[in-house]
Each structure stands twice: as structure tokens, then as C-alpha cells.
>>> print(open('coords_4.cif').read())   # mmCIF, C-alpha atoms and all ligand atoms
data_upload
#
loop_
_atom_site.label_atom_id
_atom_site.label_comp_id
_atom_site.auth_asym_id
_atom_site.auth_seq_id
_atom_site.Cartn_x
_atom_site.Cartn_y
_atom_site.Cartn_z
CA SER K 746 -17.44 16.67 -107.00
CA PRO K 747 -14.08 17.11 -108.75
CA ILE K 748 -10.83 17.08 -106.79
CA VAL K 749 -9.48 20.01 -108.86
CA ARG K 750 -11.49 22.71 -110.58
CA ALA K 751 -10.15 25.68 -112.57
CA SER K 752 -12.62 28.33 -113.73
CA GLY K 753 -12.00 31.23 -116.09
CA LEU K 754 -8.24 30.80 -115.74
CA ARG K 755 -6.23 33.58 -117.41
CA LYS K 756 -2.49 34.13 -117.50
CA THR K 757 -0.42 36.70 -119.39
CA TYR K 758 3.37 36.97 -119.20
CA GLY K 759 4.91 40.43 -119.51
CA SER K 760 2.99 43.57 -120.46
CA GLY K 761 2.44 46.03 -123.29
CA GLU K 762 3.64 45.09 -126.76
CA THR K 763 5.65 42.10 -125.57
CA ALA K 764 2.82 40.55 -123.54
CA VAL K 765 2.20 36.86 -124.22
CA THR K 766 -1.17 35.39 -123.25
CA ALA K 767 -0.64 31.78 -122.18
CA LEU K 768 -4.15 30.93 -120.89
CA ARG K 769 -7.43 32.37 -122.18
CA ASP K 770 -10.39 31.65 -119.88
CA VAL K 771 -9.71 27.98 -119.30
CA ASP K 772 -12.41 25.98 -117.51
CA VAL K 773 -11.47 22.46 -116.52
CA ALA K 774 -12.20 20.01 -113.71
CA PHE K 775 -10.51 16.75 -112.75
CA ASP K 776 -12.44 13.95 -111.06
CA ALA K 777 -10.94 11.70 -108.40
CA GLY K 778 -9.58 8.38 -109.61
CA GLN K 779 -8.89 9.44 -113.18
CA LEU K 780 -5.73 9.73 -115.27
CA THR K 781 -5.81 12.73 -117.62
CA ALA K 782 -3.25 13.44 -120.35
CA ILE K 783 -2.72 17.01 -121.56
CA MET K 784 -1.25 17.39 -125.04
CA GLY K 785 -0.79 20.27 -127.46
CA PRO K 786 1.90 22.05 -129.44
CA SER K 787 4.88 23.67 -127.77
CA GLY K 788 3.85 27.06 -126.41
CA SER K 789 0.14 26.17 -126.22
CA GLY K 790 0.01 26.73 -122.44
CA LYS K 791 0.33 23.20 -121.03
CA SER K 792 3.03 24.01 -118.47
CA THR K 793 1.34 27.26 -117.50
CA LEU K 794 -1.98 25.48 -116.94
CA MET K 795 -0.34 22.77 -114.87
CA HIS K 796 1.72 25.25 -112.82
CA CYS K 797 -1.36 27.40 -112.09
CA ILE K 798 -3.57 24.49 -111.02
CA ALA K 799 -0.72 22.93 -109.00
CA GLY K 800 -0.06 26.17 -107.11
CA LEU K 801 3.47 26.56 -108.53
CA ASP K 802 2.44 29.81 -110.20
CA ARG K 803 -0.44 32.24 -109.73
CA ALA K 804 -2.99 32.95 -112.47
CA ASP K 805 -3.96 36.55 -113.34
CA GLY K 806 -7.66 35.76 -113.29
CA GLY K 807 -10.14 33.04 -112.52
CA SER K 808 -10.05 30.56 -109.68
CA VAL K 809 -8.46 27.23 -108.82
CA VAL K 810 -9.92 24.97 -106.15
CA VAL K 811 -7.84 21.97 -105.05
CA ASP K 812 -9.34 19.50 -102.59
CA GLY K 813 -11.90 22.12 -101.50
CA VAL K 814 -9.36 24.94 -101.04
CA GLU K 815 -9.38 28.07 -103.23
CA LEU K 816 -5.70 28.68 -104.04
CA GLY K 817 -6.18 32.44 -104.55
CA SER K 818 -7.23 32.78 -100.91
CA LEU K 819 -3.91 31.40 -99.63
CA ASP K 820 -0.81 33.46 -98.86
CA ASP K 821 2.51 32.10 -100.15
CA ARG K 822 3.27 30.17 -96.97
CA ARG K 823 -0.09 28.39 -96.92
CA LEU K 824 0.12 27.73 -100.65
CA THR K 825 3.51 26.05 -100.10
CA GLU K 826 2.00 23.96 -97.29
CA LEU K 827 -0.95 22.87 -99.42
CA ARG K 828 1.39 21.94 -102.28
CA ARG K 829 3.61 19.95 -99.92
CA ASP K 830 0.77 18.15 -98.13
CA ARG K 831 -1.88 17.59 -100.81
CA ILE K 832 -0.13 17.60 -104.20
CA GLY K 833 2.43 15.19 -105.68
CA PHE K 834 4.84 16.19 -108.46
CA VAL K 835 6.74 14.15 -111.03
CA PHE K 836 9.06 16.07 -113.36
CA GLN K 837 10.94 15.19 -116.52
CA ALA K 838 14.19 15.59 -114.59
CA PHE K 839 13.81 13.16 -111.71
CA ASN K 840 14.97 15.73 -109.10
CA LEU K 841 16.22 13.12 -106.62
CA LEU K 842 18.75 14.05 -103.95
CA PRO K 843 21.98 12.20 -104.87
CA VAL K 844 23.21 11.63 -101.30
CA LEU K 845 20.00 9.90 -100.20
CA THR K 846 18.95 6.32 -100.90
CA ALA K 847 15.86 5.49 -102.96
CA GLU K 848 13.80 4.96 -99.82
CA GLU K 849 15.09 8.14 -98.16
CA ASN K 850 14.17 10.10 -101.29
CA ILE K 851 10.67 8.60 -101.25
CA VAL K 852 9.97 9.65 -97.66
CA LEU K 853 11.82 13.01 -97.73
CA PRO K 854 8.83 15.31 -98.49
CA MET K 855 6.87 13.71 -95.66
CA THR K 856 9.85 13.98 -93.31
CA ILE K 857 10.15 17.68 -94.14
CA ALA K 858 6.44 18.05 -93.37
CA GLY K 859 7.05 16.41 -89.98
CA ARG K 860 5.12 13.27 -90.86
CA ARG K 861 6.15 9.66 -90.87
CA PRO K 862 4.82 7.27 -93.48
CA ASP K 863 3.16 4.17 -92.11
CA ALA K 864 5.71 1.32 -92.42
CA GLU K 865 3.26 -1.03 -94.12
CA TRP K 866 2.32 1.61 -96.69
CA LEU K 867 5.97 2.36 -97.39
CA GLU K 868 6.62 -1.36 -97.89
CA GLN K 869 3.70 -1.62 -100.31
CA LEU K 870 4.78 1.49 -102.18
CA VAL K 871 8.40 0.34 -102.60
CA ALA K 872 7.13 -3.05 -103.80
CA THR K 873 4.62 -1.47 -106.22
CA VAL K 874 7.37 0.55 -107.90
CA GLY K 875 9.48 -2.62 -108.07
CA LEU K 876 12.39 -1.33 -105.96
CA THR K 877 12.29 -3.60 -102.94
CA ASP K 878 15.81 -4.91 -103.64
CA ARG K 879 17.10 -1.44 -104.61
CA ARG K 880 15.64 0.58 -101.75
CA HIS K 881 19.05 1.28 -100.19
CA HIS K 882 20.71 2.26 -103.48
CA ARG K 883 21.56 5.87 -104.31
CA PRO K 884 20.20 7.48 -107.52
CA SER K 885 23.61 7.14 -109.26
CA GLU K 886 23.31 3.36 -108.81
CA LEU K 887 19.88 3.25 -110.47
CA SER K 888 18.82 3.36 -114.13
CA GLY K 889 16.81 6.31 -115.46
CA GLY K 890 13.62 4.26 -115.31
CA GLN K 891 14.32 3.19 -111.73
CA GLN K 892 15.05 6.81 -110.75
CA GLN K 893 11.75 7.95 -112.23
CA ARG K 894 9.96 5.14 -110.37
CA VAL K 895 11.51 6.50 -107.15
CA ALA K 896 10.16 9.93 -108.13
CA VAL K 897 6.67 8.48 -108.72
CA ALA K 898 6.76 6.72 -105.34
CA ARG K 899 7.85 9.99 -103.70
CA ALA K 900 4.89 11.76 -105.33
CA LEU K 901 2.48 9.09 -104.05
CA ALA K 902 3.95 8.68 -100.54
CA SER K 903 1.74 11.22 -98.76
CA ARG K 904 -1.38 9.98 -100.60
CA PRO K 905 -1.90 13.42 -102.15
CA ALA K 906 -5.24 14.63 -103.49
CA VAL K 907 -3.70 14.87 -106.97
CA VAL K 908 -0.41 14.06 -108.71
CA PHE K 909 0.87 16.30 -111.51
CA ALA K 910 3.37 14.77 -113.93
CA ASP K 911 5.21 17.05 -116.39
CA GLU K 912 6.59 14.96 -119.27
CA PRO K 913 7.31 12.04 -116.93
CA THR K 914 8.68 9.89 -119.78
CA GLY K 915 10.54 12.71 -121.54
CA ASN K 916 14.00 11.47 -120.50
CA LEU K 917 13.33 7.73 -120.73
CA ASP K 918 13.82 5.01 -123.34
CA SER K 919 10.70 3.16 -124.48
CA ARG K 920 11.06 0.28 -122.02
CA SER K 921 11.54 2.55 -119.01
CA SER K 922 8.70 4.76 -120.27
CA GLU K 923 6.44 1.75 -120.33
CA GLU K 924 7.35 0.88 -116.72
CA VAL K 925 6.65 4.40 -115.50
CA LEU K 926 3.35 4.61 -117.42
CA ARG K 927 2.21 1.27 -116.02
CA LEU K 928 3.04 2.60 -112.56
CA LEU K 929 0.99 5.78 -113.03
CA ARG K 930 -1.87 3.63 -114.30
CA ARG K 931 -1.62 1.38 -111.20
CA ALA K 932 -1.60 4.44 -108.93
CA VAL K 933 -5.00 5.34 -110.38
CA ASP K 934 -6.44 1.81 -110.55
CA GLU K 935 -5.16 0.39 -107.26
CA PHE K 936 -4.65 3.44 -105.03
CA ASP K 937 -7.55 5.48 -106.50
CA GLN K 938 -5.12 8.35 -107.15
CA THR K 939 -5.88 11.29 -109.43
CA VAL K 940 -3.14 11.92 -111.98
CA VAL K 941 -2.78 14.80 -114.48
CA MET K 942 0.07 14.29 -116.95
CA VAL K 943 1.47 16.67 -119.57
CA THR K 944 3.01 14.70 -122.42
CA HIS K 945 4.16 14.87 -126.04
CA ASP K 946 4.10 11.09 -126.29
CA ALA K 947 0.99 9.66 -128.01
CA HIS K 948 1.62 6.29 -126.39
CA ALA K 949 1.71 7.88 -122.93
CA ALA K 950 -1.57 9.64 -123.69
CA SER K 951 -3.15 6.38 -124.82
CA ILE K 952 -2.95 4.90 -121.29
CA ALA K 953 -4.98 7.83 -119.93
CA ASP K 954 -8.72 7.86 -119.26
CA ARG K 955 -9.15 11.32 -120.69
CA LEU K 956 -7.30 13.48 -123.19
CA LEU K 957 -7.20 17.27 -123.16
CA VAL K 958 -5.60 19.15 -126.04
CA LEU K 959 -4.51 22.77 -125.67
CA GLN K 960 -3.91 25.19 -128.48
CA ASP K 961 -3.07 28.86 -128.12
CA GLY K 962 -4.13 28.99 -124.48
CA ARG K 963 -7.48 27.24 -124.97
CA ILE K 964 -8.77 23.70 -124.58
CA VAL K 965 -9.65 22.60 -128.11
CA HIS K 966 -10.36 18.93 -127.37
CA ASP K 967 -11.64 17.14 -124.27
CA GLY K 968 -12.66 13.52 -124.50
CA PRO K 969 -11.86 9.93 -123.73
CA ALA K 970 -8.25 8.93 -124.46
CA GLY K 971 -7.37 6.11 -126.82
CA THR K 972 -8.14 8.23 -129.87
CA SER K 973 -4.81 9.91 -129.09
CA GLU K 974 -3.13 8.34 -132.13
CA ASP K 975 -5.20 10.76 -134.22
CA VAL K 976 -3.71 13.77 -132.42
CA HIS K 977 -0.41 15.19 -133.61
P1 LIG K 1001 3.74 24.62 -123.28
O1 LIG K 1001 3.95 24.03 -121.94
O2 LIG K 1001 2.52 24.13 -123.99
O3 LIG K 1001 4.96 24.54 -124.16
P2 LIG K 1001 3.89 27.16 -121.90
O4 LIG K 1001 2.81 27.19 -120.87
O5 LIG K 1001 5.28 26.84 -121.45
O6 LIG K 1001 3.44 26.19 -123.08
O7 LIG K 1001 3.92 28.56 -122.63
C1 LIG K 1001 2.75 29.22 -123.14
C2 LIG K 1001 3.18 30.56 -123.71
O8 LIG K 1001 3.65 31.40 -122.66
C3 LIG K 1001 4.32 30.47 -124.71
O9 LIG K 1001 4.11 31.46 -125.70
C4 LIG K 1001 5.53 30.79 -123.89
O10 LIG K 1001 6.54 31.34 -124.68
C5 LIG K 1001 4.99 31.77 -122.89
N1 LIG K 1001 5.72 31.73 -121.60
C6 LIG K 1001 5.79 30.67 -120.77
N2 LIG K 1001 6.50 30.98 -119.67
C7 LIG K 1001 6.88 32.27 -119.82
C8 LIG K 1001 7.64 33.19 -119.01
N3 LIG K 1001 8.11 32.83 -117.82
N4 LIG K 1001 7.81 34.42 -119.49
C9 LIG K 1001 7.31 34.80 -120.68
N5 LIG K 1001 6.58 34.00 -121.49
C10 LIG K 1001 6.38 32.76 -121.06
P1 LIG K 1002 9.35 23.11 -118.39
O1 LIG K 1002 7.99 22.65 -117.97
O2 LIG K 1002 9.32 24.40 -119.16
O3 LIG K 1002 10.18 22.06 -119.04
P2 LIG K 1002 10.37 22.66 -115.71
O4 LIG K 1002 9.33 21.61 -115.58
O5 LIG K 1002 11.80 22.27 -115.61
O6 LIG K 1002 10.16 23.51 -117.05
O7 LIG K 1002 10.13 23.76 -114.60
C1 LIG K 1002 9.04 24.63 -114.75
C2 LIG K 1002 8.81 25.37 -113.43
O8 LIG K 1002 8.51 24.45 -112.39
C3 LIG K 1002 10.00 26.20 -113.00
O9 LIG K 1002 9.58 27.52 -112.85
C4 LIG K 1002 10.44 25.62 -111.67
O10 LIG K 1002 10.65 26.64 -110.74
C5 LIG K 1002 9.26 24.76 -111.23
N1 LIG K 1002 9.77 23.51 -110.64
C6 LIG K 1002 10.54 22.58 -111.25
N2 LIG K 1002 10.82 21.58 -110.40
C7 LIG K 1002 10.21 21.88 -109.22
C8 LIG K 1002 10.12 21.23 -107.96
N3 LIG K 1002 10.69 20.06 -107.71
N4 LIG K 1002 9.40 21.83 -106.99
C9 LIG K 1002 8.81 23.00 -107.21
N5 LIG K 1002 8.85 23.66 -108.37
C10 LIG K 1002 9.55 23.11 -109.38
#
>>> encode(input="coords_4.cif", output="C-alpha cells", more="lines below")
Ligand code: ADP
Ligand code: ADP
Amino acid sequence: SPIVRASGLRKTYGSGETAVTALRDVDVAFDAGQLTAIMGPSGSGKSTLMHCIAGLDRADGGSVVVDGVELGSLDDRRLTELRRDRIGFVFQAFNLLPVLTAEENIVLPMTIAGRRPDAEWLEQLVATVGLTDRRHHRPSELSGGQQQRVAVARALASRPAVVFADEPTGNLDSRSSEEVLRLLRRAVDEFDQTVVMVTHDAHAASIADRLLVLQDGRIVHDGPAGTSEDVH
């Protein structure tokens, strides 16, 4: 069964004449061990969909089940806990804490949750993101691509049920983008992670297993990726 399932998802911002409907009865499920890219024009509802299924925002209607838990049944405190423990996030802005080293940034969410990552796993993770010799550097001493690789490692550290990436290559040059995309691909192939990525970049979408395209709050395309060059 899927690791994430959204059914009949609806979301409207504002009310009356100025109301904007961002999601119109969206049904979508994400299977474990798959990388999905979400594309679509600006304003089509990509961020809203991701925020609703990641528990960053609440939908007006429908249901979201993540790792067997119905998000609508959780109060804000339990929703925050579920997000912290079971969901990884990668944002366009790397959101690293400048006073902490790469390794301290990677383990911070787990530390906050009162957990300690297994030393062997941490070693493997730091090596996988190619930062073994930079682990004690601060973000200001790292390139943009290296900072985003720290952010990806941070998202993977707790072995979450699902990782959401919002324009993960949006601030990167093509070489750094390639490194980060290869890393997301490895997370799926080697760690059996589930990754859902919003992107405007056709190349980023082409490394996905599945491509979803949103338009005006609806899913208008859902199929294998690789045909992404045809999508504008
Ligand atoms: P995308 O991520 O595809 O650019 P969004 O989900 O950000 O799309 O936005 C979908 C629609 O909802 C757009 O019309 C946008 O203007 C509107 N919208 C998004 N966030 C808000 C908000 N906080 N308040 C009002 N309207 C919003
Ligand atoms: P956009 O998708 O429109 O570019 P952002 O991704 O910067 O906007 O942020 C969208 C929403 O996600 C904001 O409402 C913000 O509160 C939330 N957000 C951004 N970063 C984090 C984070 N690290 N943890 C939790 N929520 C975040």
C-alpha cells in the first residue's frame, strides 16, 4: 500500500469574491521506493499540494494519510511531531543553521526529537553525500551544492517515511544541480527512500520514476517520467 495517500483534497485561500481555489479534488498516492516529480505552471497548486500532504498546511476537504496516519485526526502538536519524526524536507533555500557544522546540521532534527543517529549510519550518510572531509565545516565554508547536500542528508537522517523536496535545484548551477539530483536518486535506489520533488527543471524531472503535472488545481498528467522533455 502507498506510503502517502491524498483523497479528494480541496484547498481555497480567502473567501467571497477574492477566494482562490488552489486544489480541486486531488487524488494521488505515492508508493514506497519511488521518486516522483511534480511540475506545472506557476500558480497551478504545486506548493499547496506539497504543503497539505506534508502536514505544513491543512486542506479544507479530503484526507491525507501518511505512513498509516490520517493527518486530519491530529492536533497541531501531534502533527508537528509526525512531521519531525516521519517526514524529511529539502527546500530551495538550504535553511542550514550558520553556527553549526555540516554534521551538526545533519543531526539537529534528530537531536531536537531526543534521538541519536546510529554512528555507522551517520558515517554512511556523510560519505554518501560526499562530505566526509567537510563534515566539520560551517555552511559559509561550503559551496551552494555542498550546502544543499547537507540539507539532503539532514532530510534523510531519521530515515523518514517520505522526503519532500521543493525546488531543490532552484538555487544551484547545473553542476551542483546534477550532484543533488544524483543524491536524491541514490536515496531512492540505495536507501529505498520515497521522494516527492516539486520542480520547474525538465532535467530534474527526467531523473524521476514518475511525473505528475498540475494545472489549475488539478492533476492533468500522471505517468512515467522521461517524457518530461515534452512538458513545458
Ligand atoms: P505553485 O506552487 O504551482 O506556484 P501555489 O500552490 O503556490 O502554486 O498556488 C496556487 C494558487 O493559490 C495560486 O493562485 C496562488 O496565488 C494561490 N495562493 C497560494 N498561497 C496563497 C496564500 N497564502 N494566500 C492566497 N492565495 C494563495
Ligand atoms: P514557495 O514554495 O512559495 O517558494 P517556501 O518554500 O519558501 O515558499 O515556503 C512555503 C511555506 O513553507 C511557508 O509557508 C513556510 O512557512 C513553510 N516552510 C518553509 N521552510 C520551512 C521549514 N524549514 N520548516 C517548516 N516549514 C517551512
>>> residues_near_ligand(input="coords_4.cif", ligand="ligand LIG 1001 (chain K)", cutoff="10 Å", atoms="all atoms listed in the file", output="PyMOL selection string")
chain K and resi 756-760+763-768+783-797+802+911-912+943-945+958-962
>>> closest_residue(input="coords_4.cif", among="K:Arg755, K:Arg750, K:Arg803, K:Arg894", to="Ile851 of chain K", atoms="only C-alpha atoms")
K:Arg894
>>> closest_residue(input="coords_4.cif", among="K:Ala782, K:Ala847, K:Ala774, K:Ile832", to="Val908 of chain K", atoms="all atoms listed in the file")
K:Ile832
>>> closest_residue(input="coords_4.cif", among="K:Gly833, K:Pro884, K:Gly817, K:Gly875", to="Glu849 of chain K", atoms="all atoms listed in the file")
K:Pro884
>>> atom_distance(input="coords_4.cif", atom1="atom O1 of ligand LIG 1002 (chain K)", atom2="atom CA of Gly915 of chain K")
10.9 Å
>>> axis_aligned_box(input="coords_4.cif", around="segment 840-850 of chain K", padding_each_side="3 Å", output="lines of an AutoDock Vina configuration file")
center_x = 18.5
center_y = 10.3
center_z = -103.6
size_x = 15.4
size_y = 16.8
size_z = 16.9
>>> closest_residue(input="coords_4.cif", among="K:Ala799, K:Val933, K:Val771, K:Ala906", to="ligand LIG 1002 (chain K)", atoms="all atoms listed in the file")
K:Ala799
>>> atom_distance(input="coords_4.cif", atom1="atom CA of Val871 of chain K", atom2="atom CA of Ser885 of chain K")
17.9 Å
>>> closest_residue(input="coords_4.cif", among="K:Ala858, K:Ala947, K:Ala896, K:Val811", to="Val925 of chain K", atoms="only C-alpha atoms")
K:Ala896
>>> atom_distance(input="coords_4.cif", atom1="atom CA of Val907 of chain K", atom2="atom CA of Thr939 of chain K")
4.9 Å
